[in-house]
>>> print(open('model_15.cif').read())   # mmCIF, C-alpha atoms
data_upload
loop_
_atom_site.label_atom_id
_atom_site.label_comp_id
_atom_site.auth_asym_id
_atom_site.auth_seq_id
_atom_site.Cartn_x
_atom_site.Cartn_y
_atom_site.Cartn_z
CA MET X 1 21.28 85.01 81.81
CA THR X 2 20.08 82.74 79.05
CA ALA X 3 22.29 82.28 76.01
CA GLU X 4 21.10 84.47 73.20
CA PRO X 5 21.00 82.96 69.75
CA ARG X 6 23.94 84.25 67.78
CA LYS X 7 23.16 86.73 65.04
CA PRO X 8 23.76 85.08 61.67
CA TYR X 9 27.08 85.97 60.11
CA ASP X 10 27.28 88.44 57.28
CA ILE X 11 30.29 89.15 55.14
CA ASP X 12 31.60 91.81 57.54
CA SER X 13 31.37 89.79 60.72
CA LEU X 14 32.94 86.81 58.94
CA THR X 15 35.79 89.05 57.84
CA ASP X 16 36.23 90.09 61.50
CA VAL X 17 36.62 86.45 62.53
CA ALA X 18 38.96 85.63 59.63
CA LEU X 19 41.22 88.62 60.39
CA ARG X 20 41.63 87.52 63.99
CA VAL X 21 42.58 84.03 62.79
CA PHE X 22 45.01 85.40 60.17
CA ALA X 23 46.60 87.76 62.70
CA GLU X 24 47.10 84.92 65.16
CA ARG X 25 48.27 82.08 62.88
CA GLY X 26 49.62 84.06 59.93
CA TYR X 27 47.71 84.13 56.65
CA ASP X 28 49.74 81.28 55.12
CA GLY X 29 49.43 79.20 58.27
CA ALA X 30 45.65 79.69 58.59
CA SER X 31 43.16 77.45 56.78
CA MET X 32 39.47 77.92 56.03
CA ASP X 33 38.95 75.12 58.56
CA ASP X 34 40.54 77.37 61.20
CA VAL X 35 38.24 80.22 60.18
CA ALA X 36 35.18 77.94 60.29
CA ARG X 37 36.20 76.63 63.72
CA ALA X 38 36.71 80.17 65.08
CA ALA X 39 33.33 81.23 63.68
CA GLY X 40 31.63 78.10 65.02
CA ILE X 41 30.00 77.33 61.66
CA THR X 42 30.75 74.93 58.82
CA LYS X 43 33.11 75.67 55.98
CA ALA X 44 30.19 75.30 53.58
CA SER X 45 28.34 78.17 55.32
CA ILE X 46 31.42 80.39 54.89
CA TYR X 47 31.57 79.64 51.18
CA HIS X 48 27.97 80.78 51.04
CA HIS X 49 29.29 84.31 51.80
CA VAL X 50 32.77 84.44 50.25
CA SER X 51 34.66 82.79 47.43
CA GLY X 52 37.57 81.79 49.63
CA LYS X 53 40.43 82.73 51.92
CA GLU X 54 41.83 85.32 49.53
CA GLU X 55 38.54 87.24 49.44
CA LEU X 56 38.62 87.47 53.24
CA LEU X 57 42.22 88.69 53.11
CA SER X 58 41.40 91.16 50.36
CA ARG X 59 38.50 92.60 52.39
CA GLY X 60 40.72 92.93 55.47
CA LEU X 61 43.50 94.65 53.54
CA GLY X 62 40.93 96.97 51.95
CA ARG X 63 39.66 98.02 55.37
CA ALA X 64 43.19 98.74 56.61
CA LEU X 65 44.15 100.77 53.56
CA ASP X 66 40.85 102.67 53.43
CA ALA X 67 41.39 103.69 57.07
CA LEU X 68 44.95 104.86 56.36
CA PHE X 69 43.94 106.88 53.31
CA ALA X 70 41.00 108.38 55.23
CA VAL X 71 43.59 109.87 57.61
CA LEU X 72 45.06 111.83 54.71
CA ASP X 73 41.63 113.40 54.07
CA GLU X 74 41.27 114.76 57.61
CA PRO X 75 41.48 118.56 57.75
CA GLU X 76 44.55 118.45 60.03
CA SER X 77 46.35 116.38 57.37
CA ARG X 78 45.50 118.84 54.61
CA GLU X 79 45.83 122.28 56.12
CA GLY X 80 48.67 124.11 57.79
CA ARG X 81 52.41 123.77 57.94
CA ALA X 82 53.84 120.51 56.50
CA VAL X 83 55.44 119.47 59.82
CA ALA X 84 52.15 119.92 61.70
CA ARG X 85 50.26 117.91 59.06
CA LEU X 86 52.91 115.22 59.33
CA ARG X 87 52.65 115.02 63.12
CA HIS X 88 48.90 114.63 62.80
CA ILE X 89 49.28 111.86 60.20
CA VAL X 90 51.85 109.94 62.26
CA TYR X 91 49.66 110.18 65.37
CA ARG X 92 46.55 109.04 63.50
CA VAL X 93 48.32 106.19 61.68
CA ALA X 94 49.49 104.86 65.05
CA ASP X 95 45.98 105.34 66.42
CA VAL X 96 44.38 103.50 63.48
CA THR X 97 46.95 100.70 63.86
CA LEU X 98 46.04 100.28 67.53
CA ARG X 99 42.28 100.48 66.91
CA MET X 100 42.23 98.13 63.92
CA LEU X 101 44.87 95.72 65.13
CA PRO X 102 43.80 92.57 63.18
CA GLU X 103 43.46 94.53 59.92
CA LEU X 104 46.79 96.30 60.34
CA THR X 105 48.56 93.14 61.52
CA VAL X 106 47.58 91.44 58.29
CA LEU X 107 48.59 94.48 56.23
CA VAL X 108 51.97 94.87 57.95
CA ARG X 109 52.84 91.22 57.29
CA VAL X 110 51.79 91.15 53.65
CA ARG X 111 54.60 90.11 51.33
CA GLY X 112 52.90 90.32 47.95
CA SER X 113 52.54 86.62 47.13
CA SER X 114 49.00 86.89 45.68
CA LYS X 115 47.07 89.44 43.60
CA SER X 116 45.31 91.00 46.62
CA GLU X 117 48.59 91.20 48.47
CA ARG X 118 50.37 92.83 45.54
CA GLU X 119 47.58 95.39 45.21
CA ALA X 120 47.80 96.13 48.93
CA VAL X 121 51.57 96.57 48.71
CA GLU X 122 51.04 99.03 45.84
CA ARG X 123 48.46 101.07 47.77
CA ARG X 124 50.66 101.06 50.85
CA ARG X 125 53.59 102.31 48.75
CA ALA X 126 51.43 105.12 47.34
CA PHE X 127 50.58 106.10 50.92
CA ASP X 128 54.25 106.11 51.91
CA ARG X 129 55.12 108.24 48.88
CA ILE X 130 52.60 110.90 49.95
CA VAL X 131 54.15 110.98 53.43
CA THR X 132 57.66 111.06 51.96
CA GLU X 133 56.68 114.13 49.91
CA LEU X 134 55.33 115.80 53.02
CA ILE X 135 58.58 115.13 54.89
CA ALA X 136 60.49 116.70 51.98
CA GLY X 137 58.14 119.71 52.18
CA ALA X 138 58.71 120.12 55.92
CA GLN X 139 62.42 119.92 55.22
CA ARG X 140 62.15 122.78 52.70
CA ASP X 141 60.33 124.75 55.42
CA GLY X 142 63.37 124.19 57.66
CA ASP X 143 61.32 122.23 60.20
CA ILE X 144 62.97 118.87 59.57
CA ARG X 145 66.72 118.44 59.65
CA ALA X 146 68.47 118.62 56.29
CA ASP X 147 70.48 115.41 56.81
CA VAL X 148 67.33 113.26 56.96
CA ASP X 149 66.53 111.18 53.86
CA PRO X 150 62.73 111.66 53.52
CA ARG X 151 62.08 108.15 52.20
CA LEU X 152 64.20 106.53 54.90
CA ALA X 153 62.54 108.68 57.58
CA ALA X 154 59.07 107.58 56.40
CA ARG X 155 60.16 103.95 56.53
CA LEU X 156 61.65 104.26 60.01
CA ILE X 157 58.66 106.12 61.45
CA PHE X 158 56.16 103.64 60.04
CA GLY X 159 58.48 100.79 61.09
CA MET X 160 58.12 102.06 64.65
CA SER X 161 54.37 102.43 64.29
CA ASN X 162 53.87 99.06 62.55
CA SER X 163 55.80 97.31 65.32
CA VAL X 164 52.87 97.77 67.69
CA VAL X 165 51.09 94.89 65.94
CA GLU X 166 53.81 92.59 67.32
CA TRP X 167 53.54 93.52 70.96
CA TYR X 168 50.43 95.58 71.76
CA ARG X 169 47.75 93.83 73.75
CA SER X 170 44.99 96.02 75.17
CA GLY X 171 46.31 96.60 78.64
CA PRO X 172 47.68 99.19 81.02
CA LEU X 173 49.35 101.27 78.30
CA ALA X 174 46.62 103.33 76.76
CA ARG X 175 46.43 103.69 72.99
CA ASP X 176 46.74 107.45 73.21
CA ALA X 177 49.96 107.23 75.27
CA ILE X 178 51.52 104.89 72.71
CA ALA X 179 50.54 107.03 69.73
CA ARG X 180 51.90 110.13 71.49
CA ALA X 181 55.16 108.35 72.35
CA ILE X 182 55.59 107.44 68.68
CA VAL X 183 55.11 111.08 67.64
CA THR X 184 57.52 112.34 70.33
CA THR X 185 60.19 109.77 69.52
CA ALA X 186 59.98 110.38 65.77
CA PHE X 187 59.98 114.18 65.91
CA GLU X 188 61.86 115.08 69.10
CA GLY X 189 63.76 111.89 69.97
CA ILE X 190 64.04 110.40 73.43
CA CYS X 191 66.95 112.55 74.60
CA THR X 192 66.48 115.61 76.72
CA ARG X 193 67.13 118.76 74.72
CA VAL X 194 70.03 120.89 75.83
CA MET F 1 86.00 80.49 33.39
CA THR F 2 85.22 76.84 33.96
CA ALA F 3 82.55 75.95 36.50
CA GLU F 4 84.15 74.92 39.75
CA PRO F 5 82.74 71.89 41.51
CA ARG F 6 80.63 73.10 44.44
CA LYS F 7 82.11 72.57 47.87
CA PRO F 8 80.05 69.94 49.72
CA TYR F 9 77.52 71.43 52.13
CA ASP F 10 78.18 71.39 55.83
CA ILE F 11 75.71 72.26 58.55
CA ASP F 12 76.60 75.97 58.41
CA SER F 13 76.29 76.45 54.68
CA LEU F 14 73.01 74.49 54.70
CA THR F 15 71.72 76.79 57.43
CA ASP F 16 72.66 79.76 55.20
CA VAL F 17 70.54 78.38 52.37
CA ALA F 18 67.62 77.51 54.66
CA LEU F 19 67.60 80.99 56.22
CA ARG F 20 67.36 82.63 52.80
CA VAL F 21 64.43 80.35 51.96
CA PHE F 22 62.70 81.02 55.31
CA ALA F 23 63.23 84.78 54.97
CA GLU F 24 61.72 84.76 51.48
CA ARG F 25 58.77 82.39 51.89
CA GLY F 26 58.18 82.63 55.63
CA TYR F 27 59.12 79.73 57.91
CA ASP F 28 55.60 78.26 57.88
CA GLY F 29 55.33 78.63 54.12
CA ALA F 30 58.72 77.02 53.41
CA SER F 31 59.14 73.24 53.07
CA MET F 32 62.23 71.06 53.21
CA ASP F 33 61.61 70.53 49.48
CA ASP F 34 62.09 74.29 49.00
CA VAL F 35 65.34 74.16 50.98
CA ALA F 36 66.57 71.15 48.98
CA ARG F 37 65.70 72.90 45.70
CA ALA F 38 67.50 76.09 46.75
CA ALA F 39 70.54 74.06 47.81
CA GLY F 40 70.47 72.00 44.62
CA ILE F 41 70.69 68.71 46.51
CA THR F 42 68.21 66.02 47.54
CA LYS F 43 66.12 66.17 50.69
CA ALA F 44 67.83 62.94 51.80
CA SER F 45 71.24 64.66 51.70
CA ILE F 46 69.89 67.44 53.93
CA TYR F 47 68.63 64.95 56.48
CA HIS F 48 72.14 63.56 56.54
CA HIS F 49 73.17 66.86 58.21
CA VAL F 50 70.13 67.97 60.20
CA SER F 51 67.14 66.41 61.90
CA GLY F 52 64.66 68.68 60.12
CA LYS F 53 63.30 72.14 59.42
CA GLU F 54 63.12 73.10 63.08
CA GLU F 55 66.83 72.40 63.60
CA LEU F 56 67.65 74.76 60.73
CA LEU F 57 65.39 77.40 62.26
CA SER F 58 66.89 76.88 65.69
CA ARG F 59 70.43 77.31 64.33
CA GLY F 60 69.40 80.50 62.50
CA LEU F 61 67.73 81.96 65.58
CA GLY F 62 70.78 81.03 67.66
CA ARG F 63 73.07 82.93 65.30
CA ALA F 64 70.86 86.03 65.42
CA LEU F 65 70.61 86.04 69.21
CA ASP F 66 74.31 85.27 69.75
CA ALA F 67 75.14 88.27 67.54
CA LEU F 68 72.77 90.55 69.48
CA PHE F 69 74.12 89.45 72.87
CA ALA F 70 77.70 89.84 71.60
CA VAL F 71 76.89 93.54 71.08
CA LEU F 72 76.23 93.87 74.81
CA ASP F 73 79.74 92.55 75.53
CA GLU F 74 81.49 95.21 73.43
CA PRO F 75 83.46 97.70 75.54
CA GLU F 76 81.35 100.65 74.27
CA SER F 77 78.23 98.86 75.55
CA ARG F 78 79.74 98.31 78.98
CA GLU F 79 81.67 101.44 79.81
CA GLY F 80 80.72 105.08 80.09
CA ARG F 81 77.54 107.01 80.52
CA ALA F 82 74.30 105.03 80.08
CA VAL F 83 73.08 107.18 77.17
CA ALA F 84 76.36 106.69 75.26
CA ARG F 85 76.26 102.93 75.84
CA LEU F 86 72.67 102.93 74.63
CA ARG F 87 73.52 104.84 71.44
CA HIS F 88 76.27 102.33 70.73
CA ILE F 89 73.92 99.39 71.28
CA VAL F 90 71.17 100.85 69.06
CA TYR F 91 73.70 101.53 66.30
CA ARG F 92 75.21 98.06 66.51
CA VAL F 93 71.83 96.27 66.69
CA ALA F 94 70.82 98.05 63.46
CA ASP F 95 74.20 97.18 61.95
CA VAL F 96 73.89 93.50 62.92
CA THR F 97 70.33 93.45 61.52
CA LEU F 98 71.57 94.79 58.18
CA ARG F 99 74.59 92.48 58.05
CA MET F 100 72.74 89.32 59.06
CA LEU F 101 69.50 90.01 57.25
CA PRO F 102 68.25 86.40 56.77
CA GLU F 103 68.96 85.52 60.43
CA LEU F 104 67.33 88.68 61.77
CA THR F 105 64.39 88.44 59.36
CA VAL F 106 63.60 85.02 60.76
CA LEU F 107 64.06 86.24 64.36
CA VAL F 108 61.88 89.32 63.88
CA ARG F 109 59.03 87.22 62.49
CA VAL F 110 59.13 84.50 65.13
CA ARG F 111 55.83 84.09 66.93
CA GLY F 112 56.64 81.34 69.41
CA SER F 113 54.73 78.44 67.87
CA SER F 114 57.45 75.81 68.46
CA LYS F 115 60.00 75.09 71.19
CA SER F 116 62.90 76.79 69.35
CA GLU F 117 60.71 79.79 68.63
CA ARG F 118 59.59 80.09 72.25
CA GLU F 119 63.19 79.90 73.44
CA ALA F 120 64.16 82.59 70.94
CA VAL F 121 61.30 84.82 72.12
CA GLU F 122 62.54 84.37 75.71
CA ARG F 123 66.14 85.28 74.84
CA ARG F 124 64.97 88.26 72.82
CA ARG F 125 62.87 89.44 75.78
CA ALA F 126 65.89 89.13 78.07
CA PHE F 127 67.84 91.31 75.63
CA ASP F 128 65.07 93.90 75.57
CA ARG F 129 64.95 93.94 79.39
CA ILE F 130 68.66 94.78 79.56
CA VAL F 131 68.15 97.67 77.14
CA THR F 132 65.05 98.81 79.05
CA GLU F 133 67.15 98.96 82.24
CA LEU F 134 69.78 101.00 80.46
CA ILE F 135 67.14 103.47 79.23
CA ALA F 136 65.91 103.81 82.83
CA GLY F 137 69.51 104.44 83.91
CA ALA F 138 70.01 107.15 81.28
CA GLN F 139 66.76 108.68 82.46
CA ARG F 140 68.07 108.82 86.05
CA ASP F 141 71.18 110.56 84.66
CA GLY F 142 68.86 113.20 83.16
CA ASP F 143 69.92 112.32 79.60
CA ILE F 144 66.60 110.84 78.52
CA ARG F 145 63.36 112.72 78.96
CA ALA F 146 61.37 111.86 82.07
CA ASP F 147 58.09 111.34 80.23
CA VAL F 148 59.46 108.37 78.24
CA ASP F 149 58.34 104.90 79.37
CA PRO F 150 61.61 102.89 79.15
CA ARG F 151 59.92 99.65 78.07
CA LEU F 152 57.85 101.40 75.41
CA ALA F 153 60.92 103.31 74.18
CA ALA F 154 62.87 100.04 73.81
CA ARG F 155 60.01 98.53 71.82
CA LEU F 156 59.67 101.53 69.53
CA ILE F 157 63.39 101.82 68.86
CA PHE F 158 63.76 98.13 68.07
CA GLY F 159 60.53 98.31 66.07
CA MET F 160 62.21 100.91 63.89
CA SER F 161 65.39 98.86 63.65
CA ASN F 162 63.57 95.54 63.00
CA SER F 163 61.60 97.16 60.18
CA VAL F 164 64.69 97.16 57.97
CA VAL F 165 64.18 93.43 57.36
CA GLU F 166 61.01 94.33 55.49
CA TRP F 167 62.46 96.83 53.05
CA TYR F 168 66.27 96.81 53.00
CA ARG F 169 67.86 95.39 49.88
CA SER F 170 71.58 96.01 49.47
CA GLY F 171 71.55 99.06 47.30
CA PRO F 172 72.32 102.76 47.16
CA LEU F 173 71.58 103.39 50.85
CA ALA F 174 74.64 102.24 52.71
CA ARG F 175 74.24 100.20 55.88
CA ASP F 176 76.10 102.77 57.92
CA ALA F 177 73.78 105.61 56.79
CA ILE F 178 70.72 103.60 57.79
CA ALA F 179 72.11 102.63 61.18
CA ARG F 180 73.06 106.25 61.85
CA ALA F 181 69.61 107.48 60.78
CA ILE F 182 68.05 105.07 63.26
CA VAL F 183 70.24 106.41 66.09
CA THR F 184 69.52 110.04 65.14
CA THR F 185 65.77 109.51 64.84
CA ALA F 186 65.55 107.61 68.12
CA PHE F 187 67.68 109.98 70.20
CA GLU F 188 67.29 113.40 68.55
CA GLY F 189 64.15 113.02 66.40
CA ILE F 190 63.80 114.26 62.86
CA CYS F 191 62.85 117.85 63.72
CA THR F 192 65.37 120.64 63.71
CA ARG F 193 66.20 121.77 67.22
CA VAL F 194 65.28 125.30 68.12
#
>>> encode(input="model_15.cif", output="structure tokens")
Amino acid sequence: MTAEPRKPYDIDSLTDVALRVFAERGYDGASMDDVARAAGITKASIYHHVSGKEELLSRGLGRALDALFAVLDEPESREGRAVARLRHIVYRVADVTLRMLPELTVLVRVRGSSKSEREAVERRRAFDRIVTELIAGAQRDGDIRADVDPRLAARLIFGMSNSVVEWYRSGPLARDAIARAIVTTAFEGICTRV
Amino acid sequence: MTAEPRKPYDIDSLTDVALRVFAERGYDGASMDDVARAAGITKASIYHHVSGKEELLSRGLGRALDALFAVLDEPESREGRAVARLRHIVYRVADVTLRMLPELTVLVRVRGSSKSEREAVERRRAFDRIVTELIAGAQRDGDIRADVDPRLAARLIFGMSNSVVEWYRSGPLARDAIARAIVTTAFEGICTRV
């Protein structure tokens, strides 16, 4: 095989590279030099495409949040009993997290220290509020236990699902098995039912 | 009230200050200047007590891990049916996380980029292995469903519990209510049982 010339970078493929670097070194710990090195091009060529590190972060966070909100538009998230919609959303959020690991890693670690980060935190909160409302609805239907605080439940379930960014490496455990285990643990718990 | 003269710092109270700074700004993003500013003393006075930033991190991580391992030595973690020991451990890990928030925040975010961090990751893995074994034991007792992967279950449960460092601020939700919600979600799930 002869080495093929690499396709020139565009803004999307540069964002891919930057997200992998941010996920690995942390956004604060990563420099544009690191991104340039990972891309195998000069820093000047990167600045030809983007204004700086924050634009790359902002694009990555946008991708993650767009994917999460797209889940809410799926028919299974919009139709049927609240608890069934909720199960679908929790499964698909875990699935999106596993499929878009660099994007979600960066989103999960955001702490709101820049404008893009604060905007992402706001959008993420809006997402969590929608899920919290749905948990409250399922509770009114009698499908979710009355002693559950809907906001706390949303936080714990997404805490479980977000944690995959810390330990998942594509390997023997299939994505589908992990997403299903998250749904089972959240809704049924790990104990056998008596 | 007249202002009391501040007690001179010792190594422990300096570690307290440093952990709050690390938890807020991230370890990589925090400098010894930030720690000195938060402590209200000069950087030179800090170096009188510690060799540098990594020693402060190492002491913080040591506190977090000592507290987690101490949970395993409690009688309720050592005696009785595996599932009951497990419930106790999950409750107490959540409780320790909420009580020692700066320490656990720093531990949860560690990615193993220095010697102290790698050692902490190793100790944390050893802790998770003990819990994984206990889940497998409870499964053999028939108390935990057979289709649960013990290692995955340990990761998901601690993922849920670790997530409190991202959102908990001492406020209306009492620590005990959160720790109990984590146990209930993990073992029984949020659905009503039919």
>>> resolve_selection(input="model_15.cif", expression="the PyMOL selection byres ((chain X) within 6 of (chain F))", output="VMD selection string")
chain X and resid 143 to 145 156 159 to 160 163 185 to 192
>>> resolve_selection(input="model_15.cif", expression="the PyMOL selection byres ((chain X and resi 53) around 10)", output="VMD selection string")
chain X and resid 15 18 22 27 to 28 30 to 32 35 46 to 47 50 to 52 54 to 58
>>> resolve_selection(input="model_15.cif", expression="the PyMOL selection byres ((chain F and resi 39-41) around 12)", output="VMD selection string")
chain F and resid 6 to 10 13 to 21 32 to 38 42 to 48
>>> calpha_fit_and_write(input="model_15.cif", fixed="chain F", moving="chain X", output="short mmCIF file (atom, residue, chain, number, x, y, z; two decimals) with C-alpha atoms, in the coordinates of the input")
data_model
loop_
_atom_site.label_atom_id
_atom_site.label_comp_id
_atom_site.auth_asym_id
_atom_site.auth_seq_id
_atom_site.Cartn_x
_atom_site.Cartn_y
_atom_site.Cartn_z
CA MET X 1 85.99 80.09 33.17
CA THR X 2 85.16 76.47 33.83
CA ALA X 3 82.51 75.67 36.42
CA GLU X 4 84.13 74.72 39.67
CA PRO X 5 82.69 71.77 41.53
CA ARG X 6 80.64 73.05 44.42
CA LYS X 7 82.10 72.54 47.86
CA PRO X 8 80.04 69.94 49.71
CA TYR X 9 77.53 71.42 52.12
CA ASP X 10 78.18 71.40 55.83
CA ILE X 11 75.71 72.27 58.53
CA ASP X 12 76.60 75.98 58.41
CA SER X 13 76.30 76.45 54.68
CA LEU X 14 73.02 74.50 54.69
CA THR X 15 71.74 76.80 57.42
CA ASP X 16 72.68 79.77 55.19
CA VAL X 17 70.56 78.38 52.36
CA ALA X 18 67.64 77.51 54.66
CA LEU X 19 67.61 81.01 56.22
CA ARG X 20 67.38 82.64 52.81
CA VAL X 21 64.45 80.36 51.95
CA PHE X 22 62.72 81.03 55.30
CA ALA X 23 63.24 84.79 54.96
CA GLU X 24 61.75 84.76 51.47
CA ARG X 25 58.78 82.39 51.88
CA GLY X 26 58.20 82.64 55.63
CA TYR X 27 59.14 79.74 57.90
CA ASP X 28 55.62 78.26 57.88
CA GLY X 29 55.34 78.64 54.13
CA ALA X 30 58.73 77.03 53.40
CA SER X 31 59.15 73.26 53.06
CA MET X 32 62.25 71.08 53.20
CA ASP X 33 61.62 70.55 49.48
CA ASP X 34 62.10 74.30 48.99
CA VAL X 35 65.34 74.16 50.98
CA ALA X 36 66.57 71.16 48.97
CA ARG X 37 65.70 72.90 45.70
CA ALA X 38 67.51 76.10 46.75
CA ALA X 39 70.56 74.07 47.80
CA GLY X 40 70.47 72.01 44.60
CA ILE X 41 70.70 68.71 46.51
CA THR X 42 68.20 66.05 47.54
CA LYS X 43 66.14 66.17 50.69
CA ALA X 44 67.82 62.95 51.80
CA SER X 45 71.25 64.66 51.70
CA ILE X 46 69.90 67.46 53.93
CA TYR X 47 68.63 64.96 56.47
CA HIS X 48 72.15 63.58 56.53
CA HIS X 49 73.18 66.88 58.21
CA VAL X 50 70.13 67.99 60.21
CA SER X 51 67.13 66.42 61.87
CA GLY X 52 64.66 68.69 60.13
CA LYS X 53 63.32 72.15 59.41
CA GLU X 54 63.15 73.12 63.08
CA GLU X 55 66.85 72.41 63.60
CA LEU X 56 67.67 74.77 60.73
CA LEU X 57 65.40 77.42 62.24
CA SER X 58 66.89 76.88 65.68
CA ARG X 59 70.43 77.32 64.32
CA GLY X 60 69.43 80.51 62.50
CA LEU X 61 67.75 81.98 65.57
CA GLY X 62 70.80 81.05 67.66
CA ARG X 63 73.08 82.94 65.29
CA ALA X 64 70.87 86.04 65.42
CA LEU X 65 70.61 86.05 69.20
CA ASP X 66 74.31 85.29 69.74
CA ALA X 67 75.16 88.30 67.54
CA LEU X 68 72.78 90.57 69.48
CA PHE X 69 74.12 89.48 72.86
CA ALA X 70 77.70 89.86 71.61
CA VAL X 71 76.90 93.56 71.09
CA LEU X 72 76.22 93.89 74.81
CA ASP X 73 79.74 92.57 75.54
CA GLU X 74 81.49 95.23 73.43
CA PRO X 75 83.45 97.72 75.55
CA GLU X 76 81.35 100.66 74.28
CA SER X 77 78.22 98.88 75.56
CA ARG X 78 79.73 98.31 79.00
CA GLU X 79 81.66 101.43 79.84
CA GLY X 80 80.71 105.07 80.12
CA ARG X 81 77.52 107.02 80.55
CA ALA X 82 74.28 105.01 80.11
CA VAL X 83 73.06 107.18 77.19
CA ALA X 84 76.35 106.71 75.30
CA ARG X 85 76.24 102.93 75.87
CA LEU X 86 72.66 102.93 74.64
CA ARG X 87 73.51 104.84 71.46
CA HIS X 88 76.27 102.35 70.75
CA ILE X 89 73.91 99.39 71.30
CA VAL X 90 71.18 100.84 69.07
CA TYR X 91 73.70 101.55 66.30
CA ARG X 92 75.21 98.07 66.52
CA VAL X 93 71.84 96.29 66.68
CA ALA X 94 70.83 98.06 63.47
CA ASP X 95 74.20 97.20 61.96
CA VAL X 96 73.90 93.51 62.93
CA THR X 97 70.35 93.46 61.53
CA LEU X 98 71.58 94.81 58.19
CA ARG X 99 74.61 92.50 58.05
CA MET X 100 72.76 89.33 59.07
CA LEU X 101 69.53 90.03 57.25
CA PRO X 102 68.26 86.42 56.78
CA GLU X 103 68.98 85.55 60.43
CA LEU X 104 67.35 88.70 61.77
CA THR X 105 64.40 88.45 59.37
CA VAL X 106 63.61 85.02 60.77
CA LEU X 107 64.07 86.24 64.35
CA VAL X 108 61.89 89.33 63.87
CA ARG X 109 59.04 87.23 62.48
CA VAL X 110 59.13 84.51 65.12
CA ARG X 111 55.82 84.11 66.92
CA GLY X 112 56.64 81.36 69.39
CA SER X 113 54.72 78.45 67.85
CA SER X 114 57.45 75.82 68.46
CA LYS X 115 60.01 75.10 71.19
CA SER X 116 62.90 76.81 69.34
CA GLU X 117 60.72 79.80 68.63
CA ARG X 118 59.60 80.09 72.25
CA GLU X 119 63.21 79.90 73.43
CA ALA X 120 64.18 82.61 70.94
CA VAL X 121 61.33 84.83 72.11
CA GLU X 122 62.55 84.38 75.70
CA ARG X 123 66.15 85.29 74.83
CA ARG X 124 64.97 88.27 72.81
CA ARG X 125 62.88 89.44 75.77
CA ALA X 126 65.90 89.13 78.08
CA PHE X 127 67.84 91.31 75.63
CA ASP X 128 65.07 93.91 75.57
CA ARG X 129 64.95 93.94 79.38
CA ILE X 130 68.67 94.77 79.55
CA VAL X 131 68.15 97.67 77.14
CA THR X 132 65.06 98.82 79.05
CA GLU X 133 67.15 98.95 82.25
CA LEU X 134 69.78 101.00 80.46
CA ILE X 135 67.15 103.46 79.24
CA ALA X 136 65.89 103.80 82.83
CA GLY X 137 69.50 104.43 83.93
CA ALA X 138 70.01 107.14 81.31
CA GLN X 139 66.75 108.67 82.48
CA ARG X 140 68.06 108.80 86.07
CA ASP X 141 71.16 110.55 84.68
CA GLY X 142 68.83 113.17 83.18
CA ASP X 143 69.91 112.31 79.63
CA ILE X 144 66.59 110.84 78.53
CA ARG X 145 63.33 112.70 78.97
CA ALA X 146 61.35 111.85 82.09
CA ASP X 147 58.05 111.32 80.23
CA VAL X 148 59.44 108.36 78.25
CA ASP X 149 58.32 104.89 79.36
CA PRO X 150 61.60 102.88 79.16
CA ARG X 151 59.92 99.64 78.06
CA LEU X 152 57.84 101.38 75.41
CA ALA X 153 60.91 103.30 74.18
CA ALA X 154 62.87 100.04 73.80
CA ARG X 155 60.01 98.53 71.83
CA LEU X 156 59.66 101.54 69.54
CA ILE X 157 63.39 101.83 68.87
CA PHE X 158 63.77 98.14 68.07
CA GLY X 159 60.52 98.31 66.06
CA MET X 160 62.22 100.92 63.89
CA SER X 161 65.38 98.86 63.65
CA ASN X 162 63.58 95.55 63.00
CA SER X 163 61.60 97.15 60.17
CA VAL X 164 64.69 97.17 57.97
CA VAL X 165 64.19 93.44 57.36
CA GLU X 166 60.99 94.35 55.48
CA TRP X 167 62.45 96.85 53.07
CA TYR X 168 66.26 96.83 53.00
CA ARG X 169 67.85 95.43 49.88
CA SER X 170 71.58 96.04 49.46
CA GLY X 171 71.52 99.11 47.30
CA PRO X 172 72.31 102.80 47.17
CA LEU X 173 71.58 103.42 50.85
CA ALA X 174 74.62 102.27 52.72
CA ARG X 175 74.23 100.22 55.88
CA ASP X 176 76.10 102.79 57.93
CA ALA X 177 73.78 105.62 56.80
CA ILE X 178 70.72 103.60 57.80
CA ALA X 179 72.10 102.64 61.20
CA ARG X 180 73.07 106.27 61.85
CA ALA X 181 69.61 107.50 60.79
CA ILE X 182 68.04 105.08 63.27
CA VAL X 183 70.23 106.41 66.09
CA THR X 184 69.51 110.05 65.16
CA THR X 185 65.77 109.51 64.85
CA ALA X 186 65.54 107.61 68.14
CA PHE X 187 67.67 109.99 70.21
CA GLU X 188 67.27 113.40 68.57
CA GLY X 189 64.14 113.03 66.42
CA ILE X 190 63.78 114.27 62.87
CA CYS X 191 62.84 117.85 63.75
CA THR X 192 65.34 120.65 63.73
CA ARG X 193 66.16 121.76 67.25
CA VAL X 194 65.21 125.29 68.17
#
>>> atom_distance(input="model_15.cif", atom1="atom CA of Leu104 of chain X", atom2="atom CA of Ala64 of chain X")
5.7 Å
>>> residues_around(input="model_15.cif", residues="Glu76 of chain X", least_positions_apart="5", cutoff="10 Å", atoms="only C-alpha atoms", output="ChimeraX atom specification")
/X:71,81,84-89
>>> atom_distance(input="model_15.cif", atom1="atom CA of Asp66 of chain X", atom2="atom CA of Ile130 of chain X")
14.8 Å
>>> closest_residue(input="model_15.cif", among="F:Val131, F:Leu107, F:Val93, F:Leu98", to="Leu61 of chain F", atoms="only C-alpha atoms")
F:Leu107
>>> closest_residue(input="model_15.cif", among="F:Glu122, F:Glu103, F:Asp141, F:Arg59", to="Gly80 of chain F", atoms="all atoms listed in the file")
F:Asp141
